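Structure file entry_0.txt with compact mmCIF, C-alpha atoms:
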```txt
# COMPACT_ATOMS: atom_id res chain seq x y z
CA MET H 1241 115.52 246.76 168.72
CA LYS H 1242 112.68 249.15 169.47
CA THR H 1243 110.46 250.45 166.71
CA SER H 1244 108.22 253.53 166.77
CA ALA H 1245 105.57 254.68 164.33
CA GLY H 1246 104.57 258.26 163.65
CA LEU H 1247 102.00 260.22 161.71
CA LEU H 1248 103.19 263.38 159.95
CA LEU H 1249 100.15 265.52 159.24
CA TYR H 1250 100.60 267.93 156.33
CA ARG H 1251 98.55 270.57 154.56
CA ILE H 1252 99.12 272.45 151.33
CA SER H 1253 98.39 276.17 151.19
CA PRO H 1254 96.59 277.75 148.20
CA THR H 1255 100.03 278.88 146.98
CA GLY H 1256 101.30 275.29 147.06
CA GLU H 1257 103.47 275.61 150.19
CA VAL H 1258 103.58 272.47 152.32
CA HIS H 1259 103.26 272.77 156.10
CA VAL H 1260 103.69 269.96 158.62
CA LEU H 1261 102.45 269.58 162.19
CA LEU H 1262 105.22 268.95 164.70
CA VAL H 1263 105.16 268.49 168.47
CA HIS H 1264 107.49 269.77 171.18
CA PRO H 1265 108.29 267.38 174.04
CA GLY H 1266 107.18 268.37 177.52
CA GLY H 1267 109.23 268.49 180.68
CA PRO H 1268 112.13 270.45 182.11
CA PHE H 1269 114.83 268.91 179.89
CA TRP H 1270 113.20 270.26 176.70
CA ALA H 1271 111.74 273.48 178.14
CA ARG H 1272 114.32 275.86 176.63
CA LYS H 1273 115.20 273.83 173.55
CA ASP H 1274 113.74 274.73 170.15
CA ALA H 1275 115.85 274.10 167.03
CA GLY H 1276 116.47 270.37 166.74
CA ALA H 1277 113.99 269.56 169.52
CA TRP H 1278 110.64 269.14 167.72
CA SER H 1279 109.30 265.77 166.62
CA ILE H 1280 106.75 263.96 164.54
CA PRO H 1281 104.04 262.57 166.89
CA LYS H 1282 105.21 258.97 167.37
CA GLY H 1283 105.59 256.12 169.80
CA GLU H 1284 106.60 252.52 170.22
CA PHE H 1285 104.50 249.58 169.10
CA GLY H 1286 104.71 245.85 169.50
CA PRO H 1287 105.18 243.12 166.89
CA GLU H 1288 101.45 242.29 166.90
CA GLU H 1289 100.34 245.87 166.12
CA ASP H 1290 99.98 247.37 162.66
CA PRO H 1291 102.51 250.24 162.39
CA GLN H 1292 100.06 252.59 160.67
CA ALA H 1293 97.42 251.96 163.36
CA ALA H 1294 100.11 252.58 166.00
CA ALA H 1295 100.98 255.89 164.32
CA VAL H 1296 97.34 257.02 164.55
CA ARG H 1297 97.12 255.84 168.18
CA GLU H 1298 100.27 257.73 169.15
CA PHE H 1299 99.08 260.90 167.40
CA THR H 1300 95.85 260.69 169.40
CA GLU H 1301 97.66 260.11 172.72
CA GLU H 1302 100.17 262.89 172.23
CA LEU H 1303 97.74 265.52 170.93
CA GLY H 1304 94.58 264.53 172.79
CA SER H 1305 92.45 264.17 169.63
CA ALA H 1306 92.43 261.76 166.73
CA PRO H 1307 93.95 262.96 163.49
CA PRO H 1308 91.59 263.85 160.68
CA GLU H 1309 90.37 260.85 158.70
CA ALA H 1310 92.38 260.04 155.61
CA HIS H 1311 90.81 261.66 152.55
CA PRO H 1312 89.47 258.99 150.17
CA ALA H 1313 91.13 260.69 147.18
CA VAL H 1314 94.46 261.34 148.94
CA ALA H 1315 95.93 258.16 150.41
CA ASP H 1316 98.32 258.19 153.35
CA LEU H 1317 101.93 258.10 152.22
CA SER H 1318 104.50 255.71 153.65
CA LEU H 1319 107.70 257.66 154.28
CA GLY H 1320 109.58 254.53 155.29
CA GLY H 1321 111.85 254.11 158.27
CA VAL H 1322 114.96 255.75 159.66
CA LYS H 1323 117.28 254.30 162.28
CA GLN H 1324 117.76 256.83 165.06
CA SER H 1325 120.95 257.37 167.06
CA SER H 1326 119.25 255.68 170.03
CA ALA H 1327 119.20 252.35 168.11
CA LYS H 1328 115.46 252.79 167.56
CA THR H 1329 113.85 252.68 164.14
CA VAL H 1330 111.07 255.16 163.38
CA LEU H 1331 108.49 254.42 160.66
CA VAL H 1332 106.47 257.41 159.47
CA TYR H 1333 103.25 257.81 157.51
CA ALA H 1334 102.08 261.15 156.13
CA ARG H 1335 98.44 262.20 155.96
CA GLN H 1336 96.99 265.31 154.37
CA GLY H 1337 94.60 267.12 156.68
CA ASP H 1338 94.12 269.98 159.08
CA PHE H 1339 94.33 270.06 162.86
CA ASP H 1340 93.96 272.83 165.43
CA ALA H 1341 97.44 272.97 166.99
CA GLU H 1342 96.18 275.32 169.71
CA ARG H 1343 93.84 272.70 171.18
CA ILE H 1344 96.14 269.88 172.21
CA ASP H 1345 95.62 267.89 175.40
CA SER H 1346 98.60 265.55 175.70
CA ASN H 1347 98.71 262.44 177.81
CA LEU H 1348 100.84 262.60 180.96
CA ILE H 1349 103.97 260.57 181.58
CA GLU H 1350 106.14 260.15 184.65
CA ILE H 1351 109.87 260.88 184.57
CA GLU H 1352 112.55 261.01 187.22
CA TRP H 1353 113.65 264.62 187.68
CA PRO H 1354 116.35 265.59 188.20
CA PRO H 1355 117.88 262.46 186.66
CA ARG H 1356 118.94 259.79 189.19
CA SER H 1357 117.27 261.78 192.01
CA GLY H 1358 114.60 259.18 192.69
CA ARG H 1359 111.93 261.93 192.52
CA PRO H 1360 109.03 261.28 190.14
CA LEU H 1361 107.65 264.16 188.11
CA GLU H 1362 104.48 263.97 186.01
CA ILE H 1363 104.72 265.94 182.76
CA PRO H 1364 102.76 266.20 179.51
CA GLU H 1365 104.41 264.07 176.84
CA VAL H 1366 103.93 267.03 174.46
CA ASP H 1367 103.74 270.63 175.64
CA ARG H 1368 102.81 272.23 172.32
CA ALA H 1369 102.18 271.60 168.64
CA GLN H 1370 102.73 273.93 165.72
CA TRP H 1371 102.50 274.03 161.94
CA TRP H 1372 105.81 274.70 160.16
CA SER H 1373 106.80 275.09 156.51
CA LEU H 1374 109.01 272.23 155.32
CA ALA H 1375 112.06 274.53 155.38
CA GLU H 1376 111.31 275.53 158.99
CA ALA H 1377 110.53 271.93 159.94
CA LYS H 1378 113.96 270.80 158.80
CA ILE H 1379 115.47 273.23 161.33
CA LYS H 1380 113.05 272.39 164.16
CA LEU H 1381 113.05 268.58 163.83
CA VAL H 1382 115.39 266.36 165.82
CA LYS H 1383 118.23 265.43 163.48
CA GLY H 1384 117.16 261.81 162.95
CA GLN H 1385 113.71 262.83 161.66
CA VAL H 1386 114.78 265.42 159.06
CA PRO H 1387 114.84 262.82 156.24
CA PHE H 1388 111.06 262.45 156.56
CA ALA H 1389 110.55 266.08 155.45
CA ASP H 1390 112.57 265.40 152.30
CA ARG H 1391 110.73 262.14 151.67
CA LEU H 1392 107.35 263.85 152.01
CA LEU H 1393 108.33 266.52 149.48
CA ALA H 1394 109.63 263.86 147.08
CA GLN H 1395 106.26 262.01 147.14
CA LEU H 1396 104.01 265.05 146.65
CA PRO H 1397 102.92 266.31 143.24
CA PRO H 1398 105.36 268.86 141.72
CA GLN H 1399 103.11 271.91 142.32
CA SER H 1400 103.50 271.36 146.10
CA ALA H 1401 106.73 272.92 147.35
```
Would you kindly transcribe this structure into structure tokens?
Amino acid sequence: MKTSAGLLLYRISPTGEVHVLLVHPGGPFWARKDAGAWSIPKGEFGPEEDPQAAAVREFTEELGSAPPEAHPAVADLSLGGVKQSSAKTVLVYARQGDFDAERIDSNLIEIEWPPRSGRPLEIPEVDRAQWWSLAEAKIKLVKGQVPFADRLLAQLPPQSA
């Protein structure tokens, strides 16, 4: 079974509203998809790699810059794992911090497009990133990752909503 690790960056507005940074996958398949298409920056890791370190690595690869350092007074949160419909398990960590979503520079991956055509196409793994309120994120996220929004809210202090 494959396992991925992701880092869900969040920030809390002065009014206490929680926003999370999500990414939209690149390529022609996802080009016109929005609701249910966004994701937490994540990727696979091997048995010898620490999942939290893998989550930071994947964030860096997909967005082109490292996430902000964890704040010494606000520890990263483990949001646990969720089995996806693809028989993959995704483990997610949440970190409070800010990031300029306009300045992403995703790594490139090669896909076959159209499928089974034998033609390679190089695409950015992520074509954009955006901050969303938790309510918006639950609409934008792929179905299998929605539980992480609820888990984040459950672990934050009550004034954050």
Would you kindly return, as a CSV table (one decimal) with C-alpha atoms, in the frame of the given file, each protein, DNA or RNA residue with an atom no farther than 9 Å from any atom of H:Glu1365, considering all atoms listed in the file and excluding same-chain residues fewer than 5 positions away?
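As a result, selection-v8.csv now contains:
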```
chain,number,residue,atom,x,y,z
H,1264,HIS,CA,107.5,269.8,171.2
H,1265,PRO,CA,108.3,267.4,174.0
H,1266,GLY,CA,107.2,268.4,177.5
H,1267,GLY,CA,109.2,268.5,180.7
H,1301,GLU,CA,97.7,260.1,172.7
H,1302,GLU,CA,100.2,262.9,172.2
H,1346,SER,CA,98.6,265.6,175.7
H,1347,ASN,CA,98.7,262.4,177.8
H,1348,LEU,CA,100.8,262.6,181.0
H,1349,ILE,CA,104.0,260.6,181.6
H,1350,GLU,CA,106.1,260.2,184.6
```
Spatial neighbours of H:Ser1373, 6 Å, only C-alpha atoms, chain gap at least 2 places, as a PyMOL selection string: chain H and resi 1258-1259+1375-1377
Can you sort out the box for stretch 1368-1374 of chain H, edges along x, y and z, all listed atoms in, 5 Å on every side, with centre and edge lengths in Å to one decimal, as AutoDock Vina command-line options?
```
--center_x 105.6 --center_y 273.3 --center_z 163.8 --size_x 16.8 --size_y 13.5 --size_z 27.0
```
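The closest residue to H:Lys1242, picked from H:Ala1369, H:Val1330, H:Val1386, H:Leu1396 and counting only C-alpha atoms, is H:Val1330.
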Contact residues around H:Leu1317 with only C-alpha atoms at 7 Å, ignoring same-chain residues under 5 positions, as a list in words: Tyr1333, Ala1334 and Arg1335 of chain H
Residue nearest H:Gln1385 - candidates H:Leu1261, H:Val1322, H:Val1296, H:Ala1245, atoms counted: all atoms listed in the file: H:Val1322
Exercise: H:Pro1397 partners within 12 Å, only C-alpha atoms, chain neighbours under 4 positions left out, as a list in words: Ile1252, Gly1256, Glu1257, Val1258, Val1314, Leu1392, Leu1393 and Ala1401 of chain H
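Across the model, the gap from atom CA of H:Phe1388 to atom CA of H:Arg1297 is 19.3 Å.
Distances from H:Phe1339, H:Trp1270, H:Tyr1250, H:Trp1371 to H:Leu1303 were compared using all atoms listed in the file, and the smallest one belongs to H:Phe1339.
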Nearest candidate to H:Thr1300 (options H:Met1241, H:Ala1271, H:Ala1313, H:Val1366; using only C-alpha atoms): H:Val1366
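A straight line drawn from atom CA of H:Glu1309 to atom CA of H:Lys1383 is 28.6 Å long.
Comparing the minimum interatomic distances between H:Arg1343 and each of H:Ala1315, H:Ile1379, H:Ala1389, H:Ala1306, counting all atoms listed in the file, we find that H:Ala1306 sits nearest.
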Residue contacts of H:Pro1354 (12 Å, only C-alpha atoms) excluding same-chain residues fewer than 5 positions away, as a ChimeraX atom specification: /H:1267-1269,1359-1361
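Taking atom CA of H:Ser1326 and atom CA of H:Ala1277 as the two end points, the separation is 14.9 Å.
Counting all atoms listed in the file, the residue from H:Pro1307, H:Pro1312, H:Gly1246, H:Pro1387 that sits nearest to H:Val1332 is H:Gly1246.
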Nearby residues, (111.4, 268.0, 165.0) file frame, 6 Å, only C-alpha atoms, as a PyMOL selection string: chain H and resi 1276-1279+1380-1382
